[in-house]
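Raw contents of data.txt, compact mmCIF, C-alpha atoms:
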# COMPACT_ATOMS: atom_id res chain seq x y z
CA MET L 1 59.02 -24.36 -67.03
CA GLU L 2 55.58 -25.46 -65.95
CA PRO L 3 53.55 -27.61 -68.31
CA LYS L 4 51.96 -24.99 -70.57
CA GLU L 5 49.20 -23.66 -68.37
CA ILE L 6 48.54 -20.35 -70.03
CA SER L 7 46.77 -17.75 -67.92
CA GLN L 8 43.32 -16.51 -68.85
CA ALA L 9 44.74 -12.99 -68.79
CA VAL L 10 47.08 -13.85 -71.66
CA ILE L 11 44.29 -15.61 -73.55
CA SER L 12 42.06 -12.57 -73.07
CA ARG L 13 44.63 -10.49 -74.91
CA LEU L 14 44.94 -12.75 -77.96
CA PRO L 15 41.81 -11.51 -79.76
CA ARG L 16 43.07 -7.94 -79.58
CA TYR L 17 46.40 -8.94 -81.13
CA PHE L 18 44.43 -10.78 -83.77
CA ARG L 19 42.38 -7.68 -84.52
CA TYR L 20 45.40 -5.38 -84.88
CA LEU L 21 47.29 -7.90 -87.00
CA GLY L 22 44.26 -8.28 -89.27
CA GLU L 23 44.19 -4.53 -89.78
CA LEU L 24 47.93 -4.42 -90.49
CA LYS L 25 47.55 -7.28 -92.96
CA ASP L 26 44.69 -5.45 -94.71
CA GLU L 27 46.90 -2.39 -94.96
CA GLY L 28 49.58 -4.47 -96.66
CA VAL L 29 52.09 -4.38 -93.82
CA GLU L 30 54.36 -7.42 -94.07
CA ARG L 31 56.58 -7.21 -91.00
CA ILE L 32 56.30 -5.46 -87.67
CA SER L 33 58.59 -5.23 -84.66
CA SER L 34 57.33 -5.71 -81.13
CA GLN L 35 58.26 -2.05 -80.55
CA GLU L 36 56.04 -0.83 -83.40
CA LEU L 37 53.21 -3.10 -82.34
CA SER L 38 53.66 -1.76 -78.82
CA THR L 39 53.23 1.85 -79.95
CA LEU L 40 50.19 0.95 -82.04
CA MET L 41 48.43 -1.06 -79.35
CA LYS L 42 49.54 1.03 -76.37
CA VAL L 43 50.95 -1.92 -74.42
CA THR L 44 54.62 -2.45 -73.60
CA ALA L 45 56.85 -4.32 -76.03
CA SER L 46 57.92 -6.54 -73.19
CA GLN L 47 54.31 -7.56 -72.53
CA ILE L 48 53.91 -8.44 -76.19
CA ARG L 49 57.06 -10.57 -76.18
CA GLN L 50 56.07 -12.26 -72.92
CA ASP L 51 52.57 -13.00 -74.22
CA PHE L 52 53.92 -14.44 -77.47
CA ASN L 53 56.55 -16.51 -75.64
CA ASN L 54 53.70 -18.53 -74.14
CA PHE L 55 53.18 -19.86 -77.65
CA GLY L 56 56.78 -20.32 -78.66
CA GLY L 57 57.42 -16.70 -79.63
CA PHE L 58 56.07 -16.88 -83.21
CA GLY L 59 59.53 -16.78 -84.70
CA GLN L 60 60.54 -13.16 -84.49
CA GLN L 61 63.74 -12.86 -86.54
CA GLY L 62 65.74 -9.96 -87.81
CA TYR L 63 63.24 -7.19 -88.27
CA GLY L 64 60.23 -8.26 -86.27
CA TYR L 65 57.31 -10.57 -86.91
CA ASN L 66 55.82 -11.70 -90.18
CA VAL L 67 52.34 -10.16 -89.99
CA GLN L 68 50.55 -12.72 -92.13
CA TYR L 69 52.13 -15.63 -90.25
CA LEU L 70 51.43 -14.16 -86.82
CA TYR L 71 47.83 -13.36 -87.78
CA SER L 72 47.25 -16.86 -89.02
CA GLU L 73 48.91 -18.55 -86.02
CA ILE L 74 46.93 -16.53 -83.48
CA GLY L 75 43.79 -17.23 -85.49
CA LYS L 76 44.49 -20.96 -85.19
CA LEU L 77 45.05 -20.64 -81.44
CA LEU L 78 41.66 -18.94 -81.23
CA GLY L 79 40.09 -21.85 -83.08
CA LEU L 80 39.18 -19.63 -86.03
CA ASP L 81 40.44 -22.15 -88.58
CA LYS L 82 37.45 -24.32 -87.64
CA THR L 83 33.72 -23.86 -88.00
CA HIS L 84 31.71 -23.69 -84.79
CA HIS L 85 28.03 -24.52 -84.59
CA LEU L 86 26.06 -22.40 -82.16
CA ILE L 87 22.58 -22.26 -80.76
CA ILE L 88 20.97 -19.39 -78.88
CA ILE L 89 18.77 -20.06 -75.87
CA GLY L 90 16.55 -17.07 -75.33
CA ALA L 91 14.94 -15.26 -78.27
CA GLY L 92 14.49 -11.93 -76.51
CA ASN L 93 16.07 -8.69 -77.62
CA LEU L 94 19.63 -9.71 -76.86
CA GLY L 95 19.29 -13.18 -78.39
CA GLN L 96 17.86 -11.64 -81.54
CA ALA L 97 20.59 -9.02 -81.65
CA LEU L 98 23.30 -11.68 -81.46
CA ALA L 99 21.55 -13.85 -84.06
CA ASN L 100 21.58 -10.90 -86.43
CA TYR L 101 25.19 -10.00 -85.84
CA ILE L 102 26.74 -10.99 -89.13
CA ASN L 103 30.38 -10.64 -88.12
CA PHE L 104 30.42 -13.81 -86.04
CA GLU L 105 29.73 -15.92 -89.12
CA ARG L 106 32.67 -14.38 -90.93
CA ARG L 107 34.84 -15.88 -88.19
CA GLY L 108 33.26 -19.31 -88.50
CA PHE L 109 30.69 -19.04 -85.71
CA ILE L 110 27.49 -20.25 -87.35
CA PHE L 111 24.14 -19.86 -85.62
CA GLU L 112 22.15 -23.02 -86.32
CA GLY L 113 19.12 -22.60 -84.11
CA ILE L 114 17.35 -20.39 -81.59
CA PHE L 115 15.17 -21.60 -78.73
CA ASP L 116 12.79 -20.06 -76.27
CA GLN L 117 10.31 -21.35 -73.73
CA ASN L 118 7.85 -18.61 -74.62
CA ALA L 119 5.29 -20.25 -76.93
CA THR L 120 4.25 -16.94 -78.47
CA LEU L 121 7.69 -16.71 -80.06
CA HIS L 122 7.71 -20.20 -81.55
CA GLY L 123 7.84 -20.14 -85.32
CA LYS L 124 8.92 -16.51 -85.43
CA LYS L 125 11.68 -16.08 -87.97
CA ILE L 126 14.97 -14.57 -86.83
CA ARG L 127 17.23 -14.35 -89.81
CA ASP L 128 16.65 -17.74 -91.41
CA MET L 129 15.88 -19.55 -88.16
CA GLU L 130 12.48 -20.25 -86.62
CA VAL L 131 12.34 -19.94 -82.86
CA GLN L 132 11.93 -23.47 -81.50
CA PRO L 133 10.49 -24.78 -78.24
CA MET L 134 12.87 -26.02 -75.57
CA GLU L 135 11.53 -29.55 -76.11
CA ASN L 136 13.45 -29.67 -79.40
CA LEU L 137 16.74 -28.79 -77.73
CA GLU L 138 18.17 -32.22 -77.00
CA ARG L 139 17.53 -33.68 -80.43
CA PHE L 140 18.71 -30.53 -82.18
CA VAL L 141 21.98 -30.37 -80.27
CA LYS L 142 22.76 -34.00 -81.02
CA GLU L 143 21.71 -34.00 -84.67
CA ASN L 144 23.46 -30.76 -85.57
CA ASP L 145 26.79 -31.24 -83.88
CA ILE L 146 26.33 -28.08 -81.79
CA ASP L 147 29.39 -27.18 -79.76
CA ILE L 148 28.58 -23.75 -78.33
CA ALA L 149 25.37 -22.58 -76.65
CA VAL L 150 24.65 -18.91 -76.12
CA LEU L 151 22.55 -18.25 -73.02
CA THR L 152 20.47 -15.09 -73.26
CA ILE L 153 17.77 -15.92 -70.75
CA PRO L 154 17.01 -14.35 -67.37
CA LYS L 155 19.11 -15.55 -64.47
CA GLY L 156 16.28 -17.55 -62.93
CA GLY L 157 16.30 -20.43 -65.39
CA ALA L 158 19.89 -20.25 -66.54
CA VAL L 159 21.58 -22.65 -64.12
CA LYS L 160 19.13 -25.46 -64.91
CA VAL L 161 19.25 -24.88 -68.65
CA ALA L 162 23.05 -24.98 -68.51
CA GLU L 163 22.93 -28.33 -66.71
CA LYS L 164 20.68 -29.72 -69.42
CA LEU L 165 22.92 -28.38 -72.17
CA VAL L 166 25.88 -30.16 -70.63
CA GLN L 167 23.86 -33.40 -70.46
CA TYR L 168 23.05 -33.04 -74.14
CA GLY L 169 26.74 -32.76 -74.98
CA ILE L 170 27.41 -29.02 -75.20
CA LYS L 171 31.07 -28.26 -74.47
CA ALA L 172 31.04 -24.47 -74.25
CA ILE L 173 28.57 -21.88 -72.99
CA TRP L 174 28.65 -18.19 -73.79
CA ASN L 175 26.70 -16.94 -70.81
CA PHE L 176 24.86 -13.61 -70.82
CA ALA L 177 22.60 -14.59 -67.91
CA HIS L 178 23.55 -12.66 -64.81
CA VAL L 179 24.40 -15.67 -62.70
CA ASP L 180 27.38 -17.97 -62.23
CA LEU L 181 26.73 -21.31 -63.91
CA ASN L 182 27.62 -24.52 -62.19
CA VAL L 183 29.15 -26.82 -64.79
CA PRO L 184 31.48 -29.80 -64.55
CA GLU L 185 35.23 -29.52 -65.09
CA GLY L 186 36.06 -29.46 -68.77
CA ILE L 187 33.00 -27.47 -69.81
CA GLN L 188 34.02 -23.99 -70.89
CA VAL L 189 32.05 -20.96 -69.79
CA GLU L 190 32.65 -17.41 -70.87
CA ASN L 191 30.53 -14.84 -69.05
CA VAL L 192 29.35 -11.54 -70.45
CA HIS L 193 27.78 -9.79 -67.50
CA LEU L 194 26.68 -6.52 -69.07
CA SER L 195 25.45 -4.91 -65.88
CA GLU L 196 28.78 -5.63 -64.18
CA SER L 197 30.61 -3.95 -67.02
CA LEU L 198 28.35 -0.91 -66.68
CA MET L 199 28.94 -0.82 -62.91
CA LYS L 200 32.68 -0.85 -63.46
CA LEU L 201 32.30 2.14 -65.77
CA SER L 202 30.20 3.85 -63.14
CA TYR L 203 32.89 3.21 -60.50
CA ASN L 204 35.54 4.79 -62.69
CA LEU L 205 33.26 7.71 -63.49
CA ARG L 206 32.69 8.35 -59.81
CA GLU L 207 36.44 8.25 -59.13
CA SER L 208 37.39 10.54 -62.02
CA MET Q 1 51.40 2.56 -48.99
CA GLU Q 2 50.85 4.12 -52.37
CA PRO Q 3 48.17 6.76 -52.77
CA LYS Q 4 45.09 4.61 -53.28
CA GLU Q 5 45.46 3.57 -56.88
CA ILE Q 6 43.14 0.58 -56.99
CA SER Q 7 43.74 -1.87 -59.80
CA GLN Q 8 41.13 -2.41 -62.48
CA ALA Q 9 41.24 -6.11 -61.62
CA VAL Q 10 39.95 -5.36 -58.13
CA ILE Q 11 37.32 -2.97 -59.48
CA SER Q 12 36.19 -5.63 -61.95
CA ARG Q 13 35.42 -7.93 -59.06
CA LEU Q 14 33.28 -5.43 -57.10
CA PRO Q 15 30.06 -5.95 -59.09
CA ARG Q 16 30.20 -9.68 -58.44
CA TYR Q 17 30.54 -9.09 -54.68
CA PHE Q 18 27.64 -6.70 -54.96
CA ARG Q 19 25.53 -9.33 -56.72
CA TYR Q 20 26.21 -12.03 -54.12
CA LEU Q 21 25.65 -9.67 -51.22
CA GLY Q 22 22.35 -8.56 -52.76
CA GLU Q 23 21.23 -12.18 -52.93
CA LEU Q 24 22.30 -12.82 -49.33
CA LYS Q 25 20.46 -9.71 -48.22
CA ASP Q 26 17.31 -10.83 -50.06
CA GLU Q 27 17.58 -14.18 -48.31
CA GLY Q 28 17.68 -12.40 -44.96
CA VAL Q 29 21.30 -13.22 -44.13
CA GLU Q 30 22.62 -10.58 -41.73
CA ARG Q 31 26.27 -11.47 -41.27
CA ILE Q 32 28.76 -13.48 -43.29
CA SER Q 33 32.41 -14.39 -42.74
CA SER Q 34 34.99 -14.08 -45.47
CA GLN Q 35 35.30 -17.88 -45.32
CA GLU Q 36 31.59 -18.42 -46.01
CA LEU Q 37 31.62 -15.82 -48.76
CA SER Q 38 34.67 -17.57 -50.17
CA THR Q 39 32.87 -20.92 -50.36
CA LEU Q 40 29.81 -19.34 -51.93
CA MET Q 41 31.69 -17.35 -54.55
CA LYS Q 42 34.44 -19.88 -55.21
CA VAL Q 43 37.28 -17.44 -54.61
CA THR Q 44 39.77 -17.61 -51.76
CA ALA Q 45 38.98 -15.88 -48.47
CA SER Q 46 42.34 -14.16 -48.66
CA GLN Q 47 41.44 -12.66 -52.04
CA ILE Q 48 38.21 -11.34 -50.55
CA ARG Q 49 40.02 -9.78 -47.59
CA GLN Q 50 42.69 -8.30 -49.84
CA ASP Q 51 40.09 -6.86 -52.19
CA PHE Q 52 38.11 -5.34 -49.34
CA ASN Q 53 41.25 -3.94 -47.70
CA ASN Q 54 41.60 -1.64 -50.71
CA PHE Q 55 38.54 0.12 -49.35
CA GLY Q 56 39.38 0.07 -45.68
CA GLY Q 57 38.20 -3.49 -45.02
CA PHE Q 58 34.50 -2.71 -44.47
CA GLY Q 59 34.76 -3.23 -40.74
CA GLN Q 60 34.81 -6.98 -40.32
CA GLN Q 61 34.47 -7.60 -36.60
CA GLY Q 62 33.74 -10.65 -34.53
CA TYR Q 63 31.71 -12.89 -36.76
CA GLY Q 64 32.27 -11.55 -40.24
CA TYR Q 65 30.76 -8.72 -42.25
CA ASN Q 66 27.43 -7.04 -41.88
CA VAL Q 67 25.73 -7.99 -45.17
CA GLN Q 68 23.48 -4.95 -45.46
CA TYR Q 69 26.34 -2.56 -44.69
CA LEU Q 70 28.76 -4.25 -47.07
CA TYR Q 71 26.14 -4.33 -49.84
CA SER Q 72 25.39 -0.67 -49.39
CA GLU Q 73 29.05 0.39 -49.19
CA ILE Q 74 30.01 -1.51 -52.34
CA GLY Q 75 26.95 -0.08 -54.05
CA LYS Q 76 28.16 3.42 -53.23
CA LEU Q 77 31.63 2.63 -54.55
CA LEU Q 78 29.97 1.52 -57.78
CA GLY Q 79 28.13 4.82 -57.97
CA LEU Q 80 24.77 3.09 -57.58
CA ASP Q 81 23.55 5.61 -55.02
CA LYS Q 82 23.37 8.14 -57.86
CA THR Q 83 21.27 8.35 -60.98
CA HIS Q 84 23.11 8.21 -64.29
CA HIS Q 85 21.75 9.61 -67.50
CA LEU Q 86 22.61 7.61 -70.60
CA ILE Q 87 22.21 7.91 -74.32
CA ILE Q 88 22.62 5.17 -76.89
CA ILE Q 89 24.35 5.90 -80.19
CA GLY Q 90 23.30 3.28 -82.70
CA ALA Q 91 19.69 2.07 -82.87
CA GLY Q 92 20.48 -1.30 -84.44
CA ASN Q 93 19.66 -4.64 -82.84
CA LEU Q 94 22.12 -4.30 -80.01
CA GLY Q 95 21.23 -0.68 -79.23
CA GLN Q 96 17.56 -1.63 -79.12
CA ALA Q 97 18.28 -4.66 -76.93
CA LEU Q 98 20.13 -2.50 -74.41
CA ALA Q 99 17.43 0.17 -74.47
CA ASN Q 100 14.87 -2.49 -73.62
CA TYR Q 101 16.90 -4.04 -70.83
CA ILE Q 102 14.90 -2.99 -67.82
CA ASN Q 103 17.40 -4.06 -65.17
CA PHE Q 104 19.74 -1.16 -65.81
CA GLU Q 105 17.10 1.33 -64.74
CA ARG Q 106 16.61 -0.48 -61.46
CA ARG Q 107 20.24 0.36 -60.73
CA GLY Q 108 19.83 4.01 -61.61
CA PHE Q 109 21.06 3.92 -65.21
CA ILE Q 110 18.36 5.79 -67.08
CA PHE Q 111 18.27 5.81 -70.87
CA GLU Q 112 17.28 9.29 -71.95
CA GLY Q 113 17.75 9.15 -75.70
CA ILE Q 114 18.76 7.04 -78.67
CA PHE Q 115 20.46 8.31 -81.82
CA ASP Q 116 21.28 6.94 -85.24
CA GLN Q 117 22.57 8.38 -88.47
CA ASN Q 118 20.20 6.18 -90.47
CA ALA Q 119 17.30 8.45 -91.44
CA THR Q 120 14.92 5.54 -91.96
CA LEU Q 121 15.06 4.89 -88.21
CA HIS Q 122 14.36 8.48 -87.14
CA GLY Q 123 11.11 8.78 -85.23
CA LYS Q 124 10.91 5.04 -84.61
CA LYS Q 125 9.86 4.40 -81.01
CA ILE Q 126 12.11 2.26 -78.84
CA ARG Q 127 10.50 1.97 -75.45
CA ASP Q 128 9.43 5.55 -74.89
CA MET Q 129 12.22 7.14 -76.92
CA GLU Q 130 12.12 8.22 -80.54
CA VAL Q 131 15.28 7.57 -82.50
CA GLN Q 132 16.87 10.95 -83.14
CA PRO Q 133 19.27 12.16 -85.83
CA MET Q 134 22.91 12.71 -84.91
CA GLU Q 135 22.41 16.43 -85.45
CA ASN Q 136 20.45 16.57 -82.20
CA LEU Q 137 23.26 15.00 -80.20
CA GLU Q 138 25.13 18.05 -78.97
CA ARG Q 139 22.09 19.91 -77.75
CA PHE Q 140 20.57 16.82 -76.19
CA VAL Q 141 23.72 15.93 -74.25
CA LYS Q 142 24.02 19.44 -72.87
CA GLU Q 143 20.36 19.96 -72.04
CA ASN Q 144 19.83 16.59 -70.39
CA ASP Q 145 22.92 16.34 -68.26
CA ILE Q 146 24.00 13.11 -69.96
CA ASP Q 147 27.02 11.50 -68.35
CA ILE Q 148 27.32 8.12 -70.08
CA ALA Q 149 27.13 7.35 -73.82
CA VAL Q 150 26.64 3.80 -75.05
CA LEU Q 151 28.27 3.21 -78.43
CA THR Q 152 26.56 0.50 -80.45
CA ILE Q 153 27.66 1.50 -83.92
CA PRO Q 154 30.01 -0.26 -86.35
CA LYS Q 155 33.70 0.29 -85.77
CA GLY Q 156 34.08 2.57 -88.80
CA GLY Q 157 32.44 5.63 -87.31
CA ALA Q 158 33.05 4.96 -83.64
CA VAL Q 159 36.33 6.79 -83.08
CA LYS Q 160 34.99 10.03 -84.57
CA VAL Q 161 31.69 9.82 -82.73
CA ALA Q 162 33.57 9.26 -79.46
CA GLU Q 163 35.64 12.39 -80.09
CA LYS Q 164 32.48 14.40 -80.63
CA LEU Q 165 30.87 12.98 -77.49
CA VAL Q 166 33.88 14.09 -75.47
CA GLN Q 167 33.65 17.59 -76.99
CA TYR Q 168 30.00 17.73 -75.97
CA GLY Q 169 30.91 16.94 -72.37
CA ILE Q 170 30.39 13.16 -72.05
CA LYS Q 171 32.60 11.76 -69.28
CA ALA Q 172 32.13 8.01 -69.80
CA ILE Q 173 31.66 5.76 -72.83
CA TRP Q 174 30.37 2.19 -72.76
CA ASN Q 175 31.87 1.00 -75.99
CA PHE Q 176 30.46 -1.95 -77.93
CA ALA Q 177 32.13 -0.90 -81.21
CA HIS Q 178 34.94 -3.27 -82.03
CA VAL Q 179 37.68 -0.67 -82.00
CA ASP Q 180 39.85 1.04 -79.40
CA LEU Q 181 38.64 4.59 -78.82
CA ASN Q 182 41.09 7.42 -78.56
CA VAL Q 183 39.92 9.68 -75.75
CA PRO Q 184 41.68 12.19 -73.51
CA GLU Q 185 42.88 11.34 -70.03
CA GLY Q 186 40.05 11.50 -67.54
CA ILE Q 187 37.39 10.18 -69.91
CA GLN Q 188 36.34 6.69 -68.85
CA VAL Q 189 35.88 3.95 -71.41
CA GLU Q 190 34.62 0.46 -70.72
CA ASN Q 191 34.81 -1.88 -73.70
CA VAL Q 192 32.50 -4.78 -74.40
CA HIS Q 193 34.06 -6.53 -77.35
CA LEU Q 194 31.64 -9.39 -77.89
CA SER Q 195 33.59 -11.08 -80.65
CA GLU Q 196 36.71 -11.10 -78.48
CA SER Q 197 34.80 -12.77 -75.69
CA LEU Q 198 33.54 -15.41 -78.14
CA MET Q 199 37.09 -15.98 -79.43
CA LYS Q 200 38.33 -16.52 -75.90
CA LEU Q 201 35.63 -19.15 -75.43
CA SER Q 202 36.69 -20.74 -78.69
CA TYR Q 203 40.32 -20.83 -77.55
CA ASN Q 204 39.37 -22.60 -74.34
CA LEU Q 205 37.12 -25.01 -76.24
CA ARG Q 206 39.98 -25.92 -78.57
CA GLU Q 207 42.31 -26.51 -75.61
CA SER Q 208 39.85 -28.62 -73.63
Representation of the structure as structure tokens:
Amino acid sequence: MEPKEISQAVISRLPRYFRYLGELKDEGVERISSQELSTLMKVTASQIRQDFNNFGGFGQQGYGYNVQYLYSEIGKLLGLDKTHHLIIIGAGNLGQALANYINFERRGFIFEGIFDQNATLHGKKIRDMEVQPMENLERFVKENDIDIAVLTIPKGGAVKVAEKLVQYGIKAIWNFAHVDLNVPEGIQVENVHLSESLMKLSYNLRES
Amino acid sequence: MEPKEISQAVISRLPRYFRYLGELKDEGVERISSQELSTLMKVTASQIRQDFNNFGGFGQQGYGYNVQYLYSEIGKLLGLDKTHHLIIIGAGNLGQALANYINFERRGFIFEGIFDQNATLHGKKIRDMEVQPMENLERFVKENDIDIAVLTIPKGGAVKVAEKLVQYGIKAIWNFAHVDLNVPEGIQVENVHLSESLMKLSYNLRES
């Protein structure tokens, strides 16, 4: 076996398992077989077993998996047993929408600050945060133990802002800017390119 | 060869090719080899050639691809030579952010209407659209030749709303609700599960 390099495709599927297991747990289901989970999630049972085997298999015994245990283990893998401190760069519509999205906080993703270079936005309250100028960024990141930055600015400035964020100590960037960031090895980037998602839908619509 | 079933993984990569080719075109680059494109995009040249071979290869001859031709062909594949008519269901922060995102229109995705079940929002202007009650949905979809619905409502109501949309003739759903929709074969769904994307980032941050 190779030394535990788990593919991003497998990792991409973990949150969906987590969601289904959370729903099963809320419904009071205690155990579930890979076959039942397969039917529910519309993926093959063999895919489920293969995915879980990347993490030691989660101890399926006798009749299937313990739902509570599996939910909690996958949650830990996803880092949901820890609190994350986030800032948003870009207080436009999308930045404001994300700041107001309450469900992230339930999972331990706490928005601590929001920044914009547009002076007319400075001081504007978004939830309980005042929009701050970019000049505050470095000090704020360092003083507030920020680990994730959310980039909701136009593509033009995004690459440079990402470089600065890395200098200031940010370890992970959730990137909504429609550009590929150029960050050093070890810095995590997760892209949400909305227009690319819409184009993929449009492709499939054209084909159908 | 099998009858032209192109994997969703390949399709997912098309918009990124389209983006890079658009930038090359804007910079006045006329031809590019798969090797140069590979360096620029940080994917292997063989992946690029394999991806393009799904669509007949786009006529690479002599020194590489014709940028303008490749850009335009991929654009057509993505349905960007046509105009799409969209509605947004859910006039909350995210729905409003998407409605205000001007770049979609440049690509031919035109927002025609926005709907919400919350009566206090009805009549509120978002760009040039008034938020409409859900009761208007059926007539509006049929009269305005709507082909794509954007779902930005909480997961609770999303499955039922999607079923209605399909009844009314919608062929494609861009789904931001954090739930898997249950639609008939032939209806296209593209999910944007923001919290799952954030969890994936969190997983990678924990591992790094």
Problem set entry | Spatial neighbours of Lys125 of chain L, max dist 12 Å, all atoms listed in the file, sep filter under 4 positions, as a count of residues only | 12
Exercise. What gap, in Å, lies between atom CA of His85 of chain L and atom CA of Phe52 of chain L?
Worked result: 28.7 Å
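In plain terms, chain L touches chain Q through Pro15, Leu78, Gly79, Asn93, Leu94, Ala97, Glu190, Glu196, Met199, Leu201, Ser202 and Tyr203 of chain L, where touching means an atom at most 6 Å away, counting all atoms listed in the file.
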Residues proximal to (36.7, -16.3, -43.7) were defined as those with any atom within 8 Å of that point in the file's coordinates, counting all atoms listed in the file. Which are they, as a CSV table (one decimal) with C-alpha atoms, in the frame of the given file?
chain,number,residue,atom,x,y,z
Q,33,SER,CA,32.4,-14.4,-42.7
Q,34,SER,CA,35.0,-14.1,-45.5
Q,35,GLN,CA,35.3,-17.9,-45.3
Q,36,GLU,CA,31.6,-18.4,-46.0
Q,37,LEU,CA,31.6,-15.8,-48.8
Q,38,SER,CA,34.7,-17.6,-50.2
Q,45,ALA,CA,39.0,-15.9,-48.5
Q,46,SER,CA,42.3,-14.2,-48.7
Q,64,GLY,CA,32.3,-11.6,-40.2
For this session: Could you give me, as a ChimeraX atom specification, the residues that sit within 10 Å of (55.6, -6.8, -91.8) in the file's coordinates, counting all atoms listed in the file?
Result: /L:21,24-25,28-33,63-70
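Straight-line separation from atom CA of Ala158 of chain L to atom CA of Glu105 of chain L: 25.0 Å.
Residue nearest Pro154 of chain L within the list L:Asp128, L:Glu23, L:Glu138, L:Asp116: L:Asp116 [criterion: smallest interatomic distance, all atoms listed in the file].
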Problem set entry | Neighbour list for Gly56 of chain L as an NGL selection string, cut-off 12 Å, only C-alpha atoms, skip fewer than 6 positions in-chain | :L and (4 or 6 or 49-50 or 70 or 73-74)
